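Undergrad: Starting off with a structure, shown below.
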Amino acid sequence: MRDLGAGFHYLLKGQRWVARHGKQYGFGLIPGLITLVLYAAALVALATWGEDVVSWATPFADDWSSPWQGLFRGFLTVVLFALALLLSVLTFTAVTLLIGQPFYENLSEKVDRDVSPDGTAPESGLPLWRELWISARDSLRIVVRAALWAVLLFALGFVPVVGQTVIPVLGFFVTGFFLTEELTAVALQRRGVDLRARLTLLRSRKPLIWGFGTPLALAFVVPFVAVFLMPGAVAGATLMARELLGEESQDGEDESEGSDESDGETVSGGLGT
(Lines give C-alpha, C1' and ligand atoms only; values in the text may rest on other atoms or scores of the structure.)
Protein backbone atom coordinates (compact mmCIF):
# COMPACT_ATOMS: atom_id res chain seq x y z
CA MET A 1 0.00 0.00 0.00
CA ARG A 2 2.90 2.37 0.72
CA ASP A 3 4.21 1.91 -2.84
CA LEU A 4 0.77 2.67 -4.27
CA GLY A 5 0.76 6.01 -2.45
CA ALA A 6 4.37 6.68 -3.44
CA GLY A 7 3.56 6.13 -7.11
CA PHE A 8 0.69 8.61 -6.96
CA HIS A 9 2.95 11.06 -5.15
CA TYR A 10 5.43 10.93 -8.05
CA LEU A 11 2.58 11.71 -10.44
CA LEU A 12 1.70 14.80 -8.40
CA LYS A 13 5.36 15.83 -8.07
CA GLY A 14 5.74 15.72 -11.82
CA GLN A 15 2.74 17.99 -12.32
CA ARG A 16 4.09 20.41 -9.71
CA TRP A 17 7.49 20.44 -11.42
CA VAL A 18 6.11 21.51 -14.80
CA ALA A 19 3.85 24.04 -13.09
CA ARG A 20 7.00 25.76 -11.80
CA HIS A 21 8.69 25.61 -15.22
CA GLY A 22 6.19 27.25 -17.54
CA LYS A 23 8.27 27.24 -20.73
CA GLN A 24 9.14 23.57 -20.39
CA TYR A 25 5.44 22.87 -19.91
CA GLY A 26 4.51 24.89 -22.98
CA PHE A 27 6.97 23.05 -25.23
CA GLY A 28 5.81 19.75 -23.75
CA LEU A 29 2.22 20.39 -24.86
CA ILE A 30 3.08 20.50 -28.57
CA PRO A 31 3.50 16.72 -29.22
CA GLY A 32 0.28 15.89 -27.37
CA LEU A 33 -1.70 18.42 -29.39
CA ILE A 34 -0.35 17.00 -32.65
CA THR A 35 -1.23 13.44 -31.59
CA LEU A 36 -4.70 14.50 -30.43
CA VAL A 37 -5.49 16.01 -33.83
CA LEU A 38 -4.28 12.86 -35.63
CA TYR A 39 -6.26 10.51 -33.39
CA ALA A 40 -9.40 12.66 -33.55
CA ALA A 41 -9.24 12.67 -37.34
CA ALA A 42 -8.83 8.88 -37.41
CA LEU A 43 -11.77 8.28 -35.05
CA VAL A 44 -14.00 10.69 -36.97
CA ALA A 45 -13.12 8.87 -40.20
CA LEU A 46 -13.91 5.53 -38.57
CA ALA A 47 -17.24 6.83 -37.27
CA THR A 48 -18.08 8.11 -40.76
CA TRP A 49 -17.02 5.12 -42.83
CA GLY A 50 -16.95 2.34 -40.24
CA GLU A 51 -20.24 0.89 -41.42
CA ASP A 52 -18.96 0.74 -45.00
CA VAL A 53 -15.83 -1.06 -43.80
CA VAL A 54 -17.90 -3.62 -41.92
CA SER A 55 -20.17 -4.17 -44.95
CA TRP A 56 -17.11 -4.72 -47.15
CA ALA A 57 -15.62 -7.16 -44.63
CA THR A 58 -18.84 -9.22 -44.30
CA PRO A 59 -20.01 -10.04 -47.84
CA PHE A 60 -21.50 -13.28 -46.55
CA ALA A 61 -24.23 -11.22 -44.84
CA ASP A 62 -25.38 -9.50 -48.04
CA ASP A 63 -28.27 -11.92 -48.52
CA TRP A 64 -29.42 -11.95 -44.89
CA SER A 65 -32.96 -10.84 -44.29
CA SER A 66 -33.95 -7.82 -42.27
CA PRO A 67 -33.48 -7.06 -39.40
CA TRP A 68 -30.66 -9.59 -38.89
CA GLN A 69 -28.29 -8.06 -41.40
CA GLY A 70 -28.65 -4.58 -39.87
CA LEU A 71 -28.32 -5.85 -36.30
CA PHE A 72 -25.26 -7.95 -37.10
CA ARG A 73 -23.40 -5.25 -38.99
CA GLY A 74 -24.48 -2.56 -36.54
CA PHE A 75 -23.08 -4.63 -33.67
CA LEU A 76 -19.77 -5.16 -35.51
CA THR A 77 -19.55 -1.42 -36.25
CA VAL A 78 -19.98 -0.60 -32.57
CA VAL A 79 -17.40 -3.24 -31.62
CA LEU A 80 -14.95 -1.89 -34.19
CA PHE A 81 -15.27 1.68 -32.92
CA ALA A 82 -15.05 0.61 -29.26
CA LEU A 83 -11.91 -1.42 -29.97
CA ALA A 84 -10.39 1.51 -31.87
CA LEU A 85 -11.19 3.80 -28.94
CA LEU A 86 -9.56 1.40 -26.49
CA LEU A 87 -6.47 1.07 -28.68
CA SER A 88 -6.25 4.85 -28.99
CA VAL A 89 -6.11 5.13 -25.19
CA LEU A 90 -3.47 2.39 -24.97
CA THR A 91 -1.31 3.80 -27.77
CA PHE A 92 -1.77 7.55 -27.24
CA THR A 93 1.23 7.81 -24.94
CA ALA A 94 3.50 5.74 -27.20
CA VAL A 95 2.67 7.80 -30.28
CA THR A 96 2.93 11.10 -28.40
CA LEU A 97 6.32 10.13 -26.96
CA LEU A 98 7.54 9.09 -30.40
CA ILE A 99 6.42 12.37 -31.99
CA GLY A 100 7.73 14.38 -29.06
CA GLN A 101 11.01 12.53 -28.47
CA PRO A 102 13.24 15.66 -28.65
CA PHE A 103 10.80 17.65 -26.49
CA TYR A 104 10.39 15.05 -23.76
CA GLU A 105 14.06 14.04 -23.83
CA ASN A 106 14.97 17.63 -23.10
CA LEU A 107 12.32 17.92 -20.38
CA SER A 108 13.50 14.70 -18.72
CA GLU A 109 17.12 15.88 -18.75
CA LYS A 110 16.07 19.17 -17.14
CA VAL A 111 14.28 17.27 -14.36
CA ASP A 112 17.39 15.14 -13.80
CA ARG A 113 19.61 18.21 -13.52
CA ASP A 114 17.14 19.89 -11.19
CA VAL A 115 17.07 17.07 -8.63
CA SER A 116 20.56 15.62 -9.09
CA PRO A 117 22.93 16.51 -6.21
CA ASP A 118 25.69 17.40 -8.70
CA GLY A 119 23.37 19.12 -11.19
CA THR A 120 24.11 16.71 -14.03
CA ALA A 121 21.93 14.40 -16.13
CA PRO A 122 22.80 11.03 -17.70
CA GLU A 123 23.29 11.14 -21.46
CA SER A 124 22.93 8.29 -23.92
CA GLY A 125 25.69 9.55 -26.18
CA LEU A 126 23.70 8.34 -29.20
CA PRO A 127 22.80 10.49 -32.22
CA LEU A 128 19.18 11.67 -32.43
CA TRP A 129 18.32 9.33 -35.31
CA ARG A 130 19.52 6.34 -33.28
CA GLU A 131 17.48 7.38 -30.24
CA LEU A 132 14.39 7.79 -32.44
CA TRP A 133 14.93 4.35 -33.96
CA ILE A 134 15.27 2.66 -30.55
CA SER A 135 12.24 4.54 -29.22
CA ALA A 136 10.12 3.59 -32.25
CA ARG A 137 11.19 -0.06 -32.09
CA ASP A 138 10.50 -0.39 -28.37
CA SER A 139 7.21 1.53 -28.63
CA LEU A 140 6.04 -0.86 -31.36
CA ARG A 141 6.81 -3.84 -29.13
CA ILE A 142 4.88 -2.29 -26.25
CA VAL A 143 1.95 -1.38 -28.52
CA VAL A 144 1.76 -5.01 -29.71
CA ARG A 145 1.74 -6.25 -26.11
CA ALA A 146 -0.89 -3.66 -25.15
CA ALA A 147 -3.02 -4.54 -28.19
CA LEU A 148 -3.01 -8.24 -27.24
CA TRP A 149 -4.13 -7.32 -23.73
CA ALA A 150 -6.79 -5.01 -25.17
CA VAL A 151 -8.26 -7.76 -27.35
CA LEU A 152 -8.22 -10.24 -24.46
CA LEU A 153 -9.86 -7.83 -22.02
CA PHE A 154 -12.39 -6.76 -24.62
CA ALA A 155 -13.39 -10.38 -25.20
CA LEU A 156 -13.61 -11.03 -21.44
CA GLY A 157 -15.86 -8.00 -21.17
CA PHE A 158 -18.70 -10.09 -22.61
CA VAL A 159 -18.56 -12.51 -19.66
CA PRO A 160 -21.65 -11.87 -17.53
CA VAL A 161 -21.08 -9.97 -14.25
CA VAL A 162 -17.28 -10.34 -14.29
CA GLY A 163 -17.04 -8.56 -17.63
CA GLN A 164 -18.88 -5.53 -16.27
CA THR A 165 -17.10 -5.34 -12.89
CA VAL A 166 -13.68 -6.99 -12.57
CA ILE A 167 -12.50 -6.67 -16.18
CA PRO A 168 -12.79 -2.85 -16.45
CA VAL A 169 -10.79 -2.46 -13.22
CA LEU A 170 -8.18 -4.93 -14.45
CA GLY A 171 -8.05 -3.04 -17.74
CA PHE A 172 -7.09 0.21 -16.02
CA PHE A 173 -4.31 -1.52 -14.07
CA VAL A 174 -2.94 -3.09 -17.26
CA THR A 175 -3.18 0.22 -19.12
CA GLY A 176 -1.50 2.00 -16.19
CA PHE A 177 1.44 -0.41 -16.31
CA PHE A 178 2.02 0.10 -20.03
CA LEU A 179 1.61 3.87 -19.72
CA THR A 180 4.25 3.94 -17.00
CA GLU A 181 6.61 1.81 -19.07
CA GLU A 182 6.36 4.24 -21.97
CA LEU A 183 6.83 7.28 -19.75
CA THR A 184 9.79 5.94 -17.74
CA ALA A 185 11.40 4.81 -21.00
CA VAL A 186 12.34 8.44 -21.72
CA ALA A 187 14.66 8.52 -18.69
CA LEU A 188 15.66 4.84 -18.62
CA GLN A 189 16.55 4.61 -22.31
CA ARG A 190 18.86 7.60 -21.84
CA ARG A 191 20.60 5.54 -19.13
CA GLY A 192 21.09 2.60 -21.48
CA VAL A 193 18.38 0.39 -19.91
CA ASP A 194 16.89 -1.75 -22.69
CA LEU A 195 13.25 -2.81 -22.97
CA ARG A 196 13.64 -6.23 -21.35
CA ALA A 197 15.50 -4.75 -18.37
CA ARG A 198 12.91 -1.96 -18.07
CA LEU A 199 10.04 -4.43 -17.91
CA THR A 200 11.87 -6.51 -15.29
CA LEU A 201 12.56 -3.38 -13.26
CA LEU A 202 8.93 -2.22 -13.39
CA ARG A 203 7.54 -5.66 -12.56
CA SER A 204 9.70 -5.72 -9.42
CA ARG A 205 7.76 -2.69 -8.08
CA LYS A 206 4.25 -3.25 -9.46
CA PRO A 207 2.38 -1.39 -6.66
CA LEU A 208 4.58 1.68 -7.26
CA ILE A 209 3.93 1.46 -11.01
CA TRP A 210 0.18 1.01 -10.53
CA GLY A 211 0.05 3.92 -8.11
CA PHE A 212 1.58 6.13 -10.79
CA GLY A 213 0.00 4.72 -13.94
CA THR A 214 -3.52 3.68 -12.99
CA PRO A 215 -4.76 7.19 -12.02
CA LEU A 216 -3.09 8.45 -15.19
CA ALA A 217 -4.89 5.79 -17.24
CA LEU A 218 -8.21 6.94 -15.77
CA ALA A 219 -7.40 10.53 -16.71
CA PHE A 220 -6.15 9.53 -20.18
CA VAL A 221 -9.58 8.12 -21.05
CA VAL A 222 -10.23 11.72 -22.12
CA PRO A 223 -7.46 12.41 -24.70
CA PHE A 224 -7.82 16.18 -24.29
CA VAL A 225 -6.90 15.77 -20.62
CA ALA A 226 -3.97 13.57 -21.57
CA VAL A 227 -2.47 16.40 -23.62
CA PHE A 228 -2.24 18.67 -20.58
CA LEU A 229 -1.03 15.98 -18.18
CA MET A 230 1.64 14.53 -20.46
CA PRO A 231 4.52 16.95 -19.66
CA GLY A 232 4.00 16.46 -15.92
CA ALA A 233 3.70 12.71 -16.42
CA VAL A 234 7.11 12.65 -18.14
CA ALA A 235 8.60 14.71 -15.31
CA GLY A 236 7.07 12.46 -12.65
CA ALA A 237 8.20 9.32 -14.47
CA THR A 238 11.75 10.67 -14.55
CA LEU A 239 11.67 11.24 -10.79
CA MET A 240 10.31 7.73 -10.26
CA ALA A 241 12.93 6.21 -12.58
CA ARG A 242 15.62 7.66 -10.33
CA GLU A 243 14.13 5.82 -7.34
CA LEU A 244 13.80 2.58 -9.29
CA LEU A 245 17.52 2.75 -10.07
CA GLY A 246 18.47 3.83 -6.55
CA GLU A 247 19.80 7.22 -7.64
CA GLU A 248 20.07 9.96 -5.03
CA SER A 249 17.76 12.93 -5.55
CA GLN A 250 17.36 16.27 -3.87
CA ASP A 251 14.20 18.33 -3.64
CA GLY A 252 13.99 20.94 -6.39
CA GLU A 253 10.97 22.73 -4.93
CA ASP A 254 12.90 25.88 -4.08
CA GLU A 255 14.09 26.62 -7.60
CA SER A 256 13.17 30.17 -8.56
CA GLU A 257 10.60 31.01 -11.20
CA GLY A 258 13.27 32.91 -13.10
CA SER A 259 14.71 29.61 -14.25
CA ASP A 260 12.01 29.48 -16.94
CA GLU A 261 14.12 31.72 -19.16
CA SER A 262 17.01 29.26 -19.09
CA ASP A 263 14.52 26.44 -19.66
CA GLY A 264 13.46 28.02 -22.91
CA GLU A 265 17.05 28.36 -24.04
CA THR A 266 17.74 24.73 -23.14
CA VAL A 267 14.75 23.48 -25.11
CA SER A 268 15.65 25.54 -28.13
CA GLY A 269 19.24 24.29 -28.01
CA GLY A 270 18.12 20.69 -27.52
CA LEU A 271 15.82 20.79 -30.56
CA GLY A 272 18.57 22.20 -32.67
CA THR A 273 20.95 19.31 -32.07
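For the C-alpha coordinates, the naming scheme is as follows: chains receive sequential letters (A, B, ...) according to their order of presentation, residues are indexed from 1 within each chain, and ligands are indexed from 1 in presentation order.
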Contacts between range 189-203 of chain A and range 10-124 of chain A, please, where a residue of range 10-124 of chain A counts if it comes within 7 Å (with only C-alpha atoms); show its shortest atom pair and distance in Å to one decimal, rows by chain and ascending number, as CSV.

TA:
```
residue,atom,partner,partner_atom,distance
A:Pro122,CA,A:Arg191,CA,6.1
A:Glu123,CA,A:Arg190,CA,5.7
A:Ser124,CA,A:Arg190,CA,4.6
```

Undergrad: What's around Leu97 in chain A at 8 Å? Count only C-alpha atoms, leave out sequence neighbours fewer than 4 positions away in its own chain, and write the answer as a ChimeraX atom specification.

TA: /A:31,93,101,104,182-183

Undergrad: Now that the selection is made, can you save its residues with all heavy atoms as a PDB file, in the first residue's frame?

TA:
```pdb
ATOM      1  N   PRO A  31       3.691  18.077 -28.676  1.00  0.00           N
ATOM      2  CA  PRO A  31       3.501  16.725 -29.222  1.00  0.00           C
ATOM      3  C   PRO A  31       2.111  16.163 -28.929  1.00  0.00           C
ATOM      4  O   PRO A  31       1.514  15.507 -29.787  1.00  0.00           O
ATOM      5  CB  PRO A  31       4.587  15.901 -28.522  1.00  0.00           C
ATOM      6  CG  PRO A  31       5.605  16.904 -28.088  1.00  0.00           C
ATOM      7  CD  PRO A  31       4.840  18.133 -27.741  1.00  0.00           C
ATOM      8  N   THR A  93      -0.044   7.422 -25.561  1.00  0.00           N
ATOM      9  CA  THR A  93       1.226   7.805 -24.936  1.00  0.00           C
ATOM     10  C   THR A  93       2.406   7.426 -25.813  1.00  0.00           C
ATOM     11  O   THR A  93       3.338   8.219 -26.005  1.00  0.00           O
ATOM     12  CB  THR A  93       1.364   7.134 -23.561  1.00  0.00           C
ATOM     13  OG1 THR A  93       0.266   7.539 -22.737  1.00  0.00           O
ATOM     14  CG2 THR A  93       2.664   7.548 -22.886  1.00  0.00           C
ATOM     15  N   GLN A 101       9.756  13.010 -29.042  1.00  0.00           N
ATOM     16  CA  GLN A 101      11.006  12.527 -28.466  1.00  0.00           C
ATOM     17  C   GLN A 101      11.981  13.650 -28.112  1.00  0.00           C
ATOM     18  O   GLN A 101      12.474  13.706 -26.981  1.00  0.00           O
ATOM     19  CB  GLN A 101      11.663  11.526 -29.427  1.00  0.00           C
ATOM     20  CG  GLN A 101      13.023  11.022 -29.002  1.00  0.00           C
ATOM     21  CD  GLN A 101      12.965  10.046 -27.843  1.00  0.00           C
ATOM     22  OE1 GLN A 101      11.886   9.536 -27.531  1.00  0.00           O
ATOM     23  NE2 GLN A 101      14.079   9.788 -27.204  1.00  0.00           N
ATOM     24  N   TYR A 104      10.446  15.733 -25.045  1.00  0.00           N
ATOM     25  CA  TYR A 104      10.394  15.050 -23.756  1.00  0.00           C
ATOM     26  C   TYR A 104      11.780  14.630 -23.273  1.00  0.00           C
ATOM     27  O   TYR A 104      12.018  14.552 -22.066  1.00  0.00           O
ATOM     28  CB  TYR A 104       9.476  13.834 -23.847  1.00  0.00           C
ATOM     29  CG  TYR A 104       8.036  14.209 -24.114  1.00  0.00           C
ATOM     30  CD1 TYR A 104       7.262  13.517 -25.046  1.00  0.00           C
ATOM     31  CD2 TYR A 104       7.439  15.272 -23.445  1.00  0.00           C
ATOM     32  CE1 TYR A 104       5.944  13.857 -25.289  1.00  0.00           C
ATOM     33  CE2 TYR A 104       6.121  15.625 -23.688  1.00  0.00           C
ATOM     34  CZ  TYR A 104       5.384  14.917 -24.602  1.00  0.00           C
ATOM     35  OH  TYR A 104       4.084  15.267 -24.851  1.00  0.00           O
ATOM     36  N   GLU A 182       6.055   3.299 -20.899  1.00  0.00           N
ATOM     37  CA  GLU A 182       6.364   4.239 -21.975  1.00  0.00           C
ATOM     38  C   GLU A 182       6.935   5.542 -21.420  1.00  0.00           C
ATOM     39  O   GLU A 182       7.860   6.124 -22.001  1.00  0.00           O
ATOM     40  CB  GLU A 182       5.096   4.531 -22.794  1.00  0.00           C
ATOM     41  CG  GLU A 182       4.642   3.387 -23.660  1.00  0.00           C
ATOM     42  CD  GLU A 182       5.560   3.163 -24.845  1.00  0.00           C
ATOM     43  OE1 GLU A 182       6.344   4.070 -25.191  1.00  0.00           O
ATOM     44  OE2 GLU A 182       5.515   2.063 -25.429  1.00  0.00           O
ATOM     45  N   LEU A 183       6.399   6.009 -20.313  1.00  0.00           N
ATOM     46  CA  LEU A 183       6.834   7.285 -19.749  1.00  0.00           C
ATOM     47  C   LEU A 183       8.218   7.175 -19.103  1.00  0.00           C
ATOM     48  O   LEU A 183       9.065   8.067 -19.263  1.00  0.00           O
ATOM     49  CB  LEU A 183       5.809   7.779 -18.731  1.00  0.00           C
ATOM     50  CG  LEU A 183       4.473   8.230 -19.337  1.00  0.00           C
ATOM     51  CD1 LEU A 183       3.397   8.324 -18.263  1.00  0.00           C
ATOM     52  CD2 LEU A 183       4.624   9.563 -20.052  1.00  0.00           C
TER      53      LEU A 183
END
```

Undergrad: Based on DSSP run over this structure's backbone, return all residues of range 52-234 of chain A in helix (DSSP H, G or I), as number ranges by chain.

TA: A: 52-57, 59-61, 68-99, 101-115, 128-156, 162-190, 195-203, 206-220, 223-234

Undergrad: Return the single residue from A:Leu148, A:Leu128, A:Leu239, A:Leu86 that is closest to Phe220 in chain A, with distances computed using only C-alpha atoms.

TA: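 Comparing A:Leu148, A:Leu128, A:Leu239, A:Leu86 against Phe220 in chain A, the winner is A:Leu86.
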
Undergrad: Find the spatial neighbours of Ala40 in chain A, counting only C-alpha atoms, within a cut-off of 12 Å - ignore same-chain residues fewer than 5 positions away - and output them as a list in words.

TA: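 So, after excluding close chain neighbours, the residues are Gly32, Leu33, Ile34, Thr35, Ala45, Leu46, Ala47, Ala84, Leu85, Ser88, Val89, Phe92, Val222, Pro223 and Phe224 of chain A.
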
Undergrad: Using only C-alpha atoms, which residues sit within 7 Å of range 241-250 of chain A once same-chain residues fewer than 2 positions away are excluded, as a VMD selection string?

TA: chain A and resid 115 to 117 184 187 to 188 237 to 239 252

Undergrad: Smallest atom-to-atom distance to Gln24 in chain A: which of A:Leu170, A:Leu179, A:Ala219, A:Val111, using only C-alpha atoms?

TA: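 Checking each candidate against Gln24 in chain A, we get A:Val111 as the closest.
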
Undergrad: A:Val159, A:Leu4, A:Leu29, A:Ala136: which is nearest Leu229 in chain A, counting only C-alpha atoms?

TA: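 Residue with the minimum atom-to-atom distance to Leu229 in chain A: A:Leu29.
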
Undergrad: I'd like to know which of A:Leu11, A:Ile167, A:Leu208, A:Val186 is closest to Glu105 in chain A, using only C-alpha atoms.

TA: A:Val186

Undergrad: Taking only C-alpha atoms into account, name the residue in A:Val18, A:Ala6, A:Met230, A:Ala147 that is nearest to Lys110 in chain A.

TA: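 Nearest to Lys110 in chain A: A:Val18.
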
Undergrad: Using only C-alpha atoms, which residues sit within 10 Å of Val151 in chain A once same-chain residues fewer than 6 positions away are excluded, as a list in words?

TA: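 Once the nearby chain positions are removed, what remains is Leu83, Leu86, Leu87 and Gly157 of chain A.
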
Undergrad: To one decimal in Å, tell me the separation between CA of Thr165 in chain A and CA of Tyr39 in chain A.

TA: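 According to the coordinates, CA of Thr165 in chain A and CA of Tyr39 in chain A are separated by 28.1 Å.
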
Undergrad: Quick one: residues within 9 Å of Phe173 in chain A, only C-alpha atoms counted, chain neighbours fewer than 2 positions away excluded, as an NGL selection string?

TA: :A and (168-171 or 175-178 or 210 or 213-215 or 217)
